>>> print(open('model_12.cif').read())   # mmCIF, C-alpha atoms
data_data
#
loop_
_atom_site.label_atom_id
_atom_site.label_comp_id
_atom_site.auth_asym_id
_atom_site.auth_seq_id
_atom_site.Cartn_x
_atom_site.Cartn_y
_atom_site.Cartn_z
CA MET A 15 54.52 -85.63 78.13
CA LYS A 16 53.42 -82.08 77.41
CA ILE A 17 49.87 -81.45 76.35
CA THR A 18 49.79 -79.25 73.31
CA SER A 19 46.22 -79.19 72.07
CA ILE A 20 42.91 -78.33 73.66
CA GLY A 21 39.36 -77.72 72.57
CA ARG A 22 38.78 -73.98 72.67
CA ALA A 23 35.70 -72.81 74.53
CA SER A 24 34.03 -69.56 73.60
CA GLY A 25 31.37 -67.79 75.59
CA VAL A 26 29.83 -68.93 78.84
CA ALA A 27 26.12 -69.20 79.48
CA VAL A 28 25.42 -70.48 82.92
CA ALA A 29 21.92 -70.92 84.27
CA ALA A 30 20.85 -70.03 87.77
CA ALA A 31 22.45 -71.93 90.63
CA LEU A 32 21.59 -75.60 90.51
CA ALA A 33 20.07 -77.50 93.40
CA LEU A 34 22.33 -80.40 94.26
CA SER A 35 20.86 -83.41 96.01
CA ALA A 36 22.33 -85.62 98.71
CA CYS A 37 23.89 -88.94 97.85
CA GLY A 38 22.83 -92.48 98.65
CA SER A 39 25.44 -95.13 99.34
CA SER A 40 27.18 -97.48 96.95
CA SER A 41 30.29 -99.56 97.04
CA ASN A 42 33.39 -99.85 94.91
CA THR A 43 33.42 -103.53 95.82
CA GLY A 44 29.70 -104.19 96.21
CA SER A 45 26.23 -103.25 95.04
CA THR A 46 25.34 -99.68 94.16
CA GLY A 47 22.87 -97.53 96.05
CA SER A 48 20.24 -95.12 94.88
CA GLY A 49 19.76 -91.37 94.76
CA SER A 50 18.39 -88.61 92.59
CA ALA A 51 19.76 -85.76 90.54
CA SER A 52 18.20 -83.07 88.41
CA GLY A 53 19.40 -80.24 86.22
CA SER A 54 19.77 -79.13 82.64
CA GLY A 55 22.39 -78.13 80.15
CA SER A 56 22.73 -76.98 76.57
CA SER A 57 25.29 -77.41 73.86
CA SER A 58 28.10 -74.91 73.67
CA SER A 59 30.38 -73.69 70.93
CA SER A 60 33.36 -75.47 72.47
CA SER A 61 35.19 -77.63 69.98
CA VAL A 62 36.72 -81.02 70.59
CA ALA A 63 39.25 -82.32 68.11
CA ALA A 64 37.67 -84.03 65.15
CA GLY A 65 38.13 -87.78 65.08
CA THR A 66 38.74 -88.00 68.83
CA LYS A 67 38.64 -91.61 69.92
CA THR A 68 35.58 -92.38 72.01
CA ALA A 69 35.07 -94.67 74.96
CA ASP A 70 32.66 -97.58 75.16
CA SER A 71 29.30 -95.84 75.52
CA SER A 72 27.07 -98.83 76.33
CA CYS A 73 24.41 -98.19 78.97
CA PHE A 74 23.89 -100.00 82.22
CA SER A 75 20.79 -100.60 84.33
CA GLY A 76 20.52 -99.80 88.02
CA SER A 77 21.84 -97.17 90.40
CA LEU A 78 25.32 -95.75 90.84
CA SER A 79 26.53 -93.21 93.39
CA GLY A 80 29.62 -91.04 93.61
CA GLN A 81 30.62 -88.04 95.66
CA GLY A 82 33.36 -85.50 96.15
CA SER A 83 34.52 -82.28 94.52
CA THR A 84 32.11 -79.38 94.66
CA ALA A 85 34.13 -77.75 91.87
CA GLN A 86 32.67 -80.21 89.39
CA GLY A 87 29.21 -80.12 90.99
CA ASN A 88 27.55 -78.17 88.19
CA ALA A 89 29.26 -80.30 85.54
CA MET A 90 28.05 -83.45 87.28
CA GLN A 91 24.52 -82.07 87.54
CA LEU A 92 24.56 -81.63 83.78
CA ALA A 93 26.18 -85.02 83.17
CA THR A 94 23.82 -87.07 85.33
CA THR A 95 20.78 -85.45 83.72
CA ASP A 96 22.07 -85.97 80.19
CA PHE A 97 23.11 -89.53 80.95
CA ALA A 98 19.67 -90.37 82.33
CA SER A 99 18.09 -89.22 79.08
CA LYS A 100 20.41 -91.50 77.10
CA CYS A 101 20.26 -94.51 79.41
CA SER A 102 16.74 -94.65 80.82
CA GLY A 103 17.48 -97.70 82.97
CA ALA A 104 20.41 -96.05 84.74
CA LYS A 105 20.25 -93.73 87.72
CA VAL A 106 23.48 -91.91 88.59
CA ASN A 107 23.70 -89.70 91.65
CA TYR A 108 26.62 -87.44 92.53
CA ALA A 109 26.83 -85.64 95.89
CA PRO A 110 29.09 -82.54 95.90
CA THR A 111 30.37 -82.99 99.46
CA SER A 112 34.06 -82.03 99.03
CA SER A 113 37.13 -83.66 97.54
CA GLY A 114 38.28 -84.87 100.94
CA GLN A 115 34.95 -86.45 101.80
CA GLY A 116 34.75 -88.04 98.37
CA VAL A 117 38.12 -89.74 98.76
CA THR A 118 37.23 -90.86 102.30
CA ALA A 119 33.97 -92.38 101.07
CA PHE A 120 35.76 -94.14 98.21
CA LEU A 121 38.36 -95.62 100.54
CA ALA A 122 35.53 -96.81 102.80
CA LYS A 123 33.83 -98.51 99.82
CA GLN A 124 30.76 -96.32 100.19
CA VAL A 125 30.69 -95.01 96.60
CA GLY A 126 31.50 -96.35 93.18
CA TRP A 127 33.88 -93.50 92.39
CA ALA A 128 35.13 -90.25 93.90
CA GLY A 129 35.52 -86.80 92.40
CA SER A 130 38.61 -84.96 93.65
CA ASP A 131 40.43 -81.79 92.65
CA SER A 132 43.66 -83.50 93.72
CA ALA A 133 44.99 -86.90 92.76
CA LEU A 134 45.40 -89.54 95.47
CA ASN A 135 48.14 -88.39 97.84
CA SER A 136 51.08 -90.81 98.04
CA GLU A 137 52.50 -89.02 101.10
CA LYS A 138 49.32 -89.94 102.97
CA GLY A 139 49.32 -93.48 101.62
CA GLU A 140 46.10 -92.93 99.69
CA PRO A 141 47.07 -94.94 96.56
CA ALA A 142 47.85 -97.99 98.72
CA LYS A 143 44.64 -97.57 100.71
CA ALA A 144 42.64 -97.25 97.49
CA ALA A 145 44.30 -100.35 96.03
CA ALA A 146 43.36 -102.25 99.17
CA ALA A 147 39.75 -101.03 98.97
CA CYS A 148 39.53 -101.91 95.28
CA ALA A 149 41.59 -105.13 95.46
CA SER A 150 43.21 -103.65 92.34
CA PRO A 151 45.17 -100.48 91.51
CA ALA A 152 43.12 -97.26 91.67
CA TRP A 153 43.44 -94.70 88.88
CA ASP A 154 43.24 -90.89 88.88
CA LEU A 155 41.42 -89.91 85.68
CA PRO A 156 41.34 -86.15 84.87
CA MET A 157 37.93 -85.19 83.56
CA VAL A 158 37.03 -81.52 84.08
CA VAL A 159 39.24 -78.43 83.81
CA GLY A 160 38.02 -76.04 86.49
CA PRO A 161 39.55 -72.56 86.67
CA ILE A 162 39.79 -71.06 90.16
CA ALA A 163 38.50 -67.51 90.35
CA VAL A 164 39.79 -64.94 92.82
CA ALA A 165 36.38 -63.43 93.51
CA TYR A 166 35.82 -60.22 95.40
CA ASN A 167 33.09 -57.78 96.39
CA LEU A 168 34.26 -54.19 96.58
CA LYS A 169 31.80 -51.34 96.17
CA GLY A 170 32.71 -49.09 93.28
CA VAL A 171 35.51 -51.33 91.95
CA GLY A 172 34.42 -53.38 88.97
CA LYS A 173 37.88 -54.14 87.64
CA LEU A 174 40.85 -55.24 89.70
CA THR A 175 44.26 -56.72 88.97
CA LEU A 176 46.09 -58.84 91.52
CA THR A 177 49.61 -60.18 91.17
CA SER A 178 50.66 -63.52 92.60
CA THR A 179 52.42 -61.65 95.43
CA LEU A 180 49.35 -59.58 96.25
CA ILE A 181 47.21 -62.72 96.36
CA ALA A 182 49.60 -64.42 98.78
CA LYS A 183 49.83 -61.33 100.99
CA ILE A 184 46.06 -60.82 101.10
CA PHE A 185 45.27 -64.43 101.97
CA SER A 186 48.06 -64.61 104.53
CA GLY A 187 46.83 -61.42 106.23
CA LYS A 188 49.86 -59.28 105.39
CA ILE A 189 47.67 -56.85 103.45
CA THR A 190 44.47 -55.95 105.27
CA ALA A 191 42.95 -52.92 103.52
CA TRP A 192 41.87 -52.50 99.91
CA ASN A 193 43.65 -49.16 99.49
CA ASP A 194 47.01 -50.64 100.49
CA PRO A 195 49.79 -48.98 98.41
CA ALA A 196 50.82 -52.33 96.93
CA ILE A 197 47.31 -52.96 95.56
CA ALA A 198 47.12 -49.37 94.33
CA ALA A 199 50.42 -49.77 92.46
CA ALA A 200 48.99 -52.67 90.48
CA ASN A 201 45.77 -50.77 89.77
CA LYS A 202 46.78 -47.29 88.63
CA GLY A 203 43.80 -45.05 87.99
CA VAL A 204 41.44 -47.16 90.12
CA LYS A 205 39.95 -45.46 93.17
CA LEU A 206 40.34 -47.97 95.95
CA PRO A 207 38.34 -47.56 99.19
CA SER A 208 39.85 -48.05 102.64
CA THR A 209 37.48 -50.96 103.22
CA LYS A 210 38.83 -53.77 105.37
CA ILE A 211 39.65 -56.94 103.43
CA SER A 212 37.53 -59.89 104.59
CA VAL A 213 39.05 -63.21 103.58
CA PHE A 214 36.81 -66.26 103.20
CA PHE A 215 38.20 -69.77 102.86
CA ARG A 216 36.87 -73.30 102.57
CA SER A 217 36.27 -74.80 106.02
CA ASP A 218 35.88 -78.32 104.65
CA SER A 219 38.59 -80.54 103.18
CA SER A 220 38.83 -79.19 99.67
CA GLY A 221 40.74 -79.91 96.50
CA THR A 222 40.14 -76.30 95.48
CA THR A 223 42.01 -75.24 98.63
CA ASP A 224 44.76 -77.72 97.78
CA ASN A 225 45.24 -76.25 94.32
CA PHE A 226 44.92 -72.62 95.41
CA THR A 227 47.44 -72.97 98.24
CA ASN A 228 49.74 -74.82 95.84
CA TYR A 229 49.52 -71.81 93.52
CA MET A 230 50.44 -69.40 96.32
CA ASN A 231 53.27 -71.52 97.69
CA THR A 232 54.66 -72.07 94.18
CA THR A 233 54.54 -68.43 93.07
CA ASP A 234 55.31 -66.70 96.39
CA PRO A 235 56.67 -69.08 99.06
CA THR A 236 57.96 -66.11 101.05
CA ASP A 237 54.48 -64.78 101.79
CA TRP A 238 52.61 -68.10 101.71
CA THR A 239 54.96 -70.49 103.47
CA ALA A 240 52.61 -73.42 104.05
CA LYS A 241 52.75 -76.28 101.57
CA HIS A 242 49.59 -77.09 99.72
CA ALA A 243 46.92 -79.13 101.47
CA LYS A 244 43.18 -79.75 101.34
CA ALA A 245 42.83 -78.14 104.77
CA TRP A 246 43.23 -74.34 104.96
CA ALA A 247 46.49 -73.39 106.72
CA GLY A 248 46.00 -69.62 106.79
CA LYS A 249 45.85 -67.56 109.98
CA VAL A 250 43.18 -65.04 108.94
CA GLY A 251 39.68 -65.13 107.53
CA GLN A 252 36.42 -66.95 108.03
CA GLY A 253 35.75 -70.52 106.98
CA LYS A 254 32.64 -71.44 105.02
CA PRO A 255 31.61 -74.88 103.78
CA LYS A 256 31.83 -75.80 100.12
CA SER A 257 32.13 -73.59 97.06
CA ALA A 258 28.60 -72.30 97.49
CA GLY A 259 29.40 -71.23 101.06
CA VAL A 260 32.39 -69.03 100.25
CA GLY A 261 30.67 -67.68 97.15
CA SER A 262 27.60 -66.62 99.09
CA ALA A 263 29.72 -65.11 101.89
CA VAL A 264 31.66 -62.87 99.51
CA LYS A 265 28.52 -61.80 97.73
CA ALA A 266 27.09 -60.64 101.06
CA THR A 267 30.24 -58.86 102.32
CA ASP A 268 31.58 -55.55 101.05
CA GLY A 269 35.37 -55.99 101.03
CA GLY A 270 35.12 -59.77 100.81
CA ILE A 271 37.49 -61.96 98.81
CA THR A 272 37.77 -65.69 98.26
CA TYR A 273 39.01 -68.37 95.91
CA VAL A 274 36.25 -70.35 94.27
CA GLU A 275 35.74 -72.57 91.26
CA TRP A 276 34.73 -70.49 88.24
CA SER A 277 31.21 -71.85 87.82
CA TYR A 278 30.31 -70.83 91.37
CA ALA A 279 31.66 -67.33 90.81
CA ILE A 280 29.40 -67.10 87.79
CA THR A 281 26.27 -68.52 89.43
CA ASN A 282 26.74 -66.14 92.37
CA ASN A 283 27.37 -63.17 90.03
CA LEU A 284 30.71 -62.46 91.69
CA THR A 285 33.27 -60.05 90.29
CA MET A 286 36.55 -61.77 89.45
CA ALA A 287 40.01 -60.26 89.60
CA GLN A 288 42.45 -60.36 86.73
CA VAL A 289 45.65 -62.21 87.66
CA ASP A 290 49.15 -61.07 86.68
CA ASN A 291 51.84 -63.72 87.14
CA GLY A 292 54.42 -61.47 85.49
CA GLY A 293 53.26 -61.68 81.90
CA GLY A 294 50.50 -59.09 82.16
CA ALA A 295 47.00 -59.00 83.66
CA VAL A 296 44.79 -61.85 82.42
CA ALA A 297 41.04 -62.11 82.84
CA LEU A 298 39.55 -65.52 83.52
CA THR A 299 37.89 -66.98 80.43
CA ALA A 300 37.60 -70.50 79.05
CA ALA A 301 40.29 -69.71 76.51
CA THR A 302 42.80 -68.24 78.98
CA ALA A 303 42.27 -71.15 81.39
CA SER A 304 42.69 -73.62 78.54
CA LYS A 305 46.11 -72.17 77.80
CA ALA A 306 47.18 -73.12 81.33
CA ALA A 307 45.88 -76.66 80.89
CA GLU A 308 47.89 -77.03 77.68
CA ALA A 309 51.10 -76.76 79.68
CA ALA A 310 50.21 -79.60 82.05
CA LYS A 311 52.43 -82.67 82.12
CA ILE A 312 51.49 -86.24 82.95
CA ALA A 313 53.05 -87.22 86.26
CA GLY A 314 51.35 -90.62 86.69
CA THR A 315 52.18 -93.91 85.02
CA GLY A 316 50.13 -96.20 82.81
CA ASN A 317 46.42 -95.47 83.12
CA ASP A 318 46.94 -93.45 86.29
CA LEU A 319 46.83 -89.99 84.70
CA LYS A 320 47.86 -87.64 87.50
CA LEU A 321 48.86 -84.24 86.05
CA LYS A 322 51.39 -81.60 87.05
CA LEU A 323 50.21 -78.05 86.44
CA ASP A 324 52.51 -75.07 85.90
CA TYR A 325 51.16 -72.49 88.34
CA ALA A 326 54.15 -70.20 87.87
CA THR A 327 53.68 -69.74 84.13
CA LYS A 328 54.25 -66.21 82.83
CA ALA A 329 53.00 -66.95 79.33
CA ALA A 330 51.00 -64.04 77.95
CA GLY A 331 47.25 -64.55 77.87
CA THR A 332 47.37 -67.48 80.31
CA TYR A 333 45.20 -67.54 83.41
CA PRO A 334 47.42 -69.46 85.84
CA ILE A 335 45.10 -70.65 88.61
CA VAL A 336 43.38 -73.76 87.34
CA LEU A 337 42.56 -77.16 88.74
CA VAL A 338 41.71 -80.44 87.11
CA THR A 339 39.06 -82.60 88.72
CA TYR A 340 39.86 -86.30 88.77
CA GLU A 341 37.44 -89.18 88.84
CA ILE A 342 39.09 -91.73 91.14
CA VAL A 343 38.17 -95.28 90.16
CA CYS A 344 39.14 -98.89 90.64
CA SER A 345 40.91 -100.40 87.65
CA LYS A 346 39.07 -103.67 88.33
CA TYR A 347 35.93 -103.72 90.46
CA ALA A 348 35.18 -106.65 92.74
CA ASP A 349 31.52 -106.09 91.92
CA ALA A 350 31.02 -106.37 88.17
CA THR A 351 27.78 -104.37 88.24
CA THR A 352 29.48 -101.39 89.87
CA GLY A 353 32.37 -101.63 87.43
CA LYS A 354 30.04 -101.64 84.45
CA GLY A 355 28.17 -98.62 85.79
CA VAL A 356 31.33 -96.59 86.43
CA LYS A 357 32.73 -97.47 83.02
CA SER A 358 29.49 -96.58 81.26
CA PHE A 359 29.05 -93.22 83.01
CA LEU A 360 32.69 -92.15 82.64
CA SER A 361 32.52 -93.07 78.95
CA TYR A 362 29.91 -90.36 78.58
CA LEU A 363 31.89 -87.86 80.68
CA VAL A 364 34.95 -88.14 78.44
CA SER A 365 32.96 -88.14 75.20
CA PRO A 366 33.34 -85.22 72.77
CA GLU A 367 29.62 -84.58 73.20
CA PHE A 368 29.87 -83.90 76.94
CA GLN A 369 33.30 -82.28 76.91
CA GLY A 370 31.93 -79.82 74.36
CA LYS A 371 29.22 -78.74 76.82
CA LEU A 372 31.49 -77.91 79.75
CA SER A 373 31.78 -74.20 79.06
CA THR A 374 28.02 -73.88 79.68
CA VAL A 375 28.66 -74.61 83.36
CA GLY A 376 31.84 -72.60 83.87
CA SER A 377 34.36 -75.35 83.17
CA ALA A 378 36.61 -76.18 80.23
CA PRO A 379 37.21 -79.36 78.21
CA LEU A 380 40.22 -81.58 78.51
CA PRO A 381 43.10 -81.06 76.08
CA SER A 382 42.60 -83.50 73.20
CA ALA A 383 45.86 -85.36 73.92
CA ILE A 384 44.90 -86.14 77.51
CA GLN A 385 41.30 -86.79 76.51
CA ALA A 386 42.50 -89.63 74.29
CA LYS A 387 44.47 -91.14 77.18
CA VAL A 388 41.44 -90.94 79.47
CA VAL A 389 39.38 -92.76 76.84
CA THR A 390 41.97 -95.56 76.81
CA ALA A 391 41.89 -95.79 80.60
CA VAL A 392 38.09 -95.80 80.82
CA ASN A 393 37.93 -98.57 78.24
CA ALA A 394 40.31 -100.60 80.43
CA ILE A 395 38.08 -100.44 83.55
CA SER A 396 36.57 -103.82 84.34
#
>>> encode(input="model_12.cif", output="structure tokens")
Amino acid sequence: MKITSIGRASGVAVAAALALSACGSSSNTGSTGSGSASGSGSSSSSSVAAGTKTADSSCFSGSLSGQGSTAQGNAMQLATTDFASKCSGAKVNYAPTSSGQGVTAFLAKQVGWAGSDSALNSEKGEPAKAAAACASPAWDLPMVVGPIAVAYNLKGVGKLTLTSTLIAKIFSGKITAWNDPAIAAANKGVKLPSTKISVFFRSDSSGTTDNFTNYMNTTDPTDWTAKHAKAWAGKVGQGKPKSAGVGSAVKATDGGITYVEWSYAITNNLTMAQVDNGGGAVALTAATASKAAEAAKIAGTGNDLKLKLDYATKAAGTYPIVLVTYEIVCSKYADATTGKGVKSFLSYLVSPEFQGKLSTVGSAPLPSAIQAKVVTAVNAIS
């Protein structure tokens, strides 16, 4: 199924970097733990299709913990704060550890749900392991569209265009200086310094890495030969933990470049390259990222809503490097209290109210067609 409609986001107003707290323990088959979260958010001008079906929004009482993707960290900070104001008896804590750590914790029954920028990996047996942990099938539910910025710090260069080939060659170490003739050819009229390129990558298991390496391998398998994975497979660069780590490293390094989820590029005031997949240079905005999400196809079955993104798109005005963060859940929880908490919180996440706020934290809403399917799936959690 092709997704053909999405709420359009306009303008981005992101507050200063948010402090993200550590996570207590919970269980996808047992009682939930406790933790704390703080933050704030404001309504945006994003629109969600009128008449969108909503999920069961009943509150629960008690504590619920999740962990995983740092890419959705700012969105979760906003969500947990908003949810607490609506459901005073509920305390939801989300720890932005990394997609890999989130999945590991979920499989170990340490959290009620996991956030991951990649769906459960069948080649690694993760769906079967999750089903065993849940004693029921586990579902991948897309929730947040998170564009991946190619962020750089280059003195005197405020505007830069990179093609898919240039990106692959830079991150593979085949291009090592900013005034390389290939970069200059894509940036006519721009005075490029001879500064050494300093690549920064995620040192932790990361869904952002998985999606970014998938983009490079899909668009230029000659220069980026490694298949996508949550662990960085490049031969050059310096590893830094989490989105905040690579963002801070680039900000502090003249000549630095990294891949980072959009909201972290914004909160670190990083300059972002335009990307040209062959259809012209495209700046990263909520609208251009949304166009990429529209082309996604559902690759899962039933209420397992794994998506296939078209990284190689050449459609004009489409920013091609996006990820979708999944909330990985049990379809039926052994512990009814945990199940009720997960269902209640995810009902708010997929609501038009919250989806309409995502552009305020550097993310984009789900396409309306997939949003409706997520509502159906959330309502089926027990």
>>> resolve_selection(input="model_12.cif", expression="the PyMOL selection byres ((chain A and resi 324) around 12)", output="NGL selection string")
:A and (16-17 or 225 or 228-229 or 232-233 or 291 or 303 or 305-312 or 321-323 or 325-329 or 332-337)
>>> closest_residue(input="model_12.cif", among="A:Gly126, A:Gly293, A:Gly82, A:Gly353", to="Thr222 (chain A)", atoms="all atoms listed in the file")
A:Gly82
>>> resolve_selection(input="model_12.cif", expression="the PyMOL selection byres ((chain A and resi 377) around 12)", output="PyMOL selection string")
chain A and resi 21-28+58+60+85-90+92+157-163+275-280+298-304+307+336-339+368-376+378-380
>>> closest_residue(input="model_12.cif", among="A:Lys143, A:Gly292, A:Leu134, A:Asn107", to="Leu121 (chain A)", atoms="all atoms listed in the file")
A:Lys143
>>> atom_distance(input="model_12.cif", atom1="CA of Tyr166 (chain A)", atom2="CA of Gln81 (chain A)")
28.3 Å
>>> closest_residue(input="model_12.cif", among="A:Thr351, A:Thr175, A:Ser72, A:Thr285", to="Leu206 (chain A)", atoms="only C-alpha atoms")
A:Thr175
>>> resolve_selection(input="model_12.cif", expression="the PyMOL selection byres ((chain A and resi 211) around 7)", output="VMD selection string")
chain A and resid 190 to 192 209 to 210 212 to 213 269 to 270
>>> write_last_selection(input="model_12.cif", atoms="C-alpha atoms", output="PDB file, in the frame of the given file")
ATOM      1  CA  THR A 190      44.470 -55.950 105.270  1.00  0.00           C
ATOM      2  CA  ALA A 191      42.950 -52.920 103.520  1.00  0.00           C
ATOM      3  CA  TRP A 192      41.870 -52.500  99.910  1.00  0.00           C
ATOM      4  CA  THR A 209      37.480 -50.960 103.220  1.00  0.00           C
ATOM      5  CA  LYS A 210      38.830 -53.770 105.370  1.00  0.00           C
ATOM      6  CA  SER A 212      37.530 -59.890 104.590  1.00  0.00           C
ATOM      7  CA  VAL A 213      39.050 -63.210 103.580  1.00  0.00           C
ATOM      8  CA  GLY A 269      35.370 -55.990 101.030  1.00  0.00           C
ATOM      9  CA  GLY A 270      35.120 -59.770 100.810  1.00  0.00           C
TER      10      GLY A 270
END
>>> build_atoms(input="model_12.cif", residues="region 325-338 of chain A", atoms="N, CA and C atoms", output="tab-separated table (two decimals), keeping the file's coordinate frame")
chain	number	residue	atom	x	y	z
A	325	TYR	N	51.79	-73.67	87.75
A	325	TYR	CA	51.16	-72.49	88.34
A	325	TYR	C	51.98	-71.22	88.15
A	326	ALA	N	53.27	-71.37	87.95
A	326	ALA	CA	54.15	-70.20	87.87
A	326	ALA	C	54.30	-69.66	86.45
A	327	THR	N	53.54	-70.17	85.51
A	327	THR	CA	53.68	-69.74	84.13
A	327	THR	C	53.52	-68.22	83.99
A	328	LYS	N	54.34	-67.64	83.13
A	328	LYS	CA	54.25	-66.21	82.83
A	328	LYS	C	53.85	-66.00	81.37
A	329	ALA	N	53.39	-67.04	80.73
A	329	ALA	CA	53.00	-66.95	79.33
A	329	ALA	C	51.86	-65.94	79.16
A	330	ALA	N	52.00	-65.07	78.20
A	330	ALA	CA	51.00	-64.04	77.95
A	330	ALA	C	49.65	-64.67	77.63
A	331	GLY	N	48.59	-64.06	78.17
A	331	GLY	CA	47.25	-64.55	77.87
A	331	GLY	C	46.88	-65.85	78.57
A	332	THR	N	47.64	-66.22	79.59
A	332	THR	CA	47.37	-67.48	80.31
A	332	THR	C	46.89	-67.18	81.71
A	333	TYR	N	45.70	-67.68	82.05
A	333	TYR	CA	45.20	-67.54	83.41
A	333	TYR	C	45.78	-68.70	84.22
A	334	PRO	N	46.60	-68.41	85.24
A	334	PRO	CA	47.42	-69.46	85.84
A	334	PRO	C	46.79	-70.34	86.90
A	335	ILE	N	45.65	-69.90	87.47
A	335	ILE	CA	45.10	-70.65	88.61
A	335	ILE	C	43.99	-71.58	88.13
A	336	VAL	N	44.36	-72.78	87.79
A	336	VAL	CA	43.38	-73.76	87.34
A	336	VAL	C	43.55	-75.04	88.15
A	337	LEU	N	42.49	-75.83	88.16
A	337	LEU	CA	42.56	-77.16	88.74
A	337	LEU	C	41.99	-78.14	87.73
A	338	VAL	N	42.30	-79.37	87.91
A	338	VAL	CA	41.71	-80.44	87.11
A	338	VAL	C	41.03	-81.40	88.08
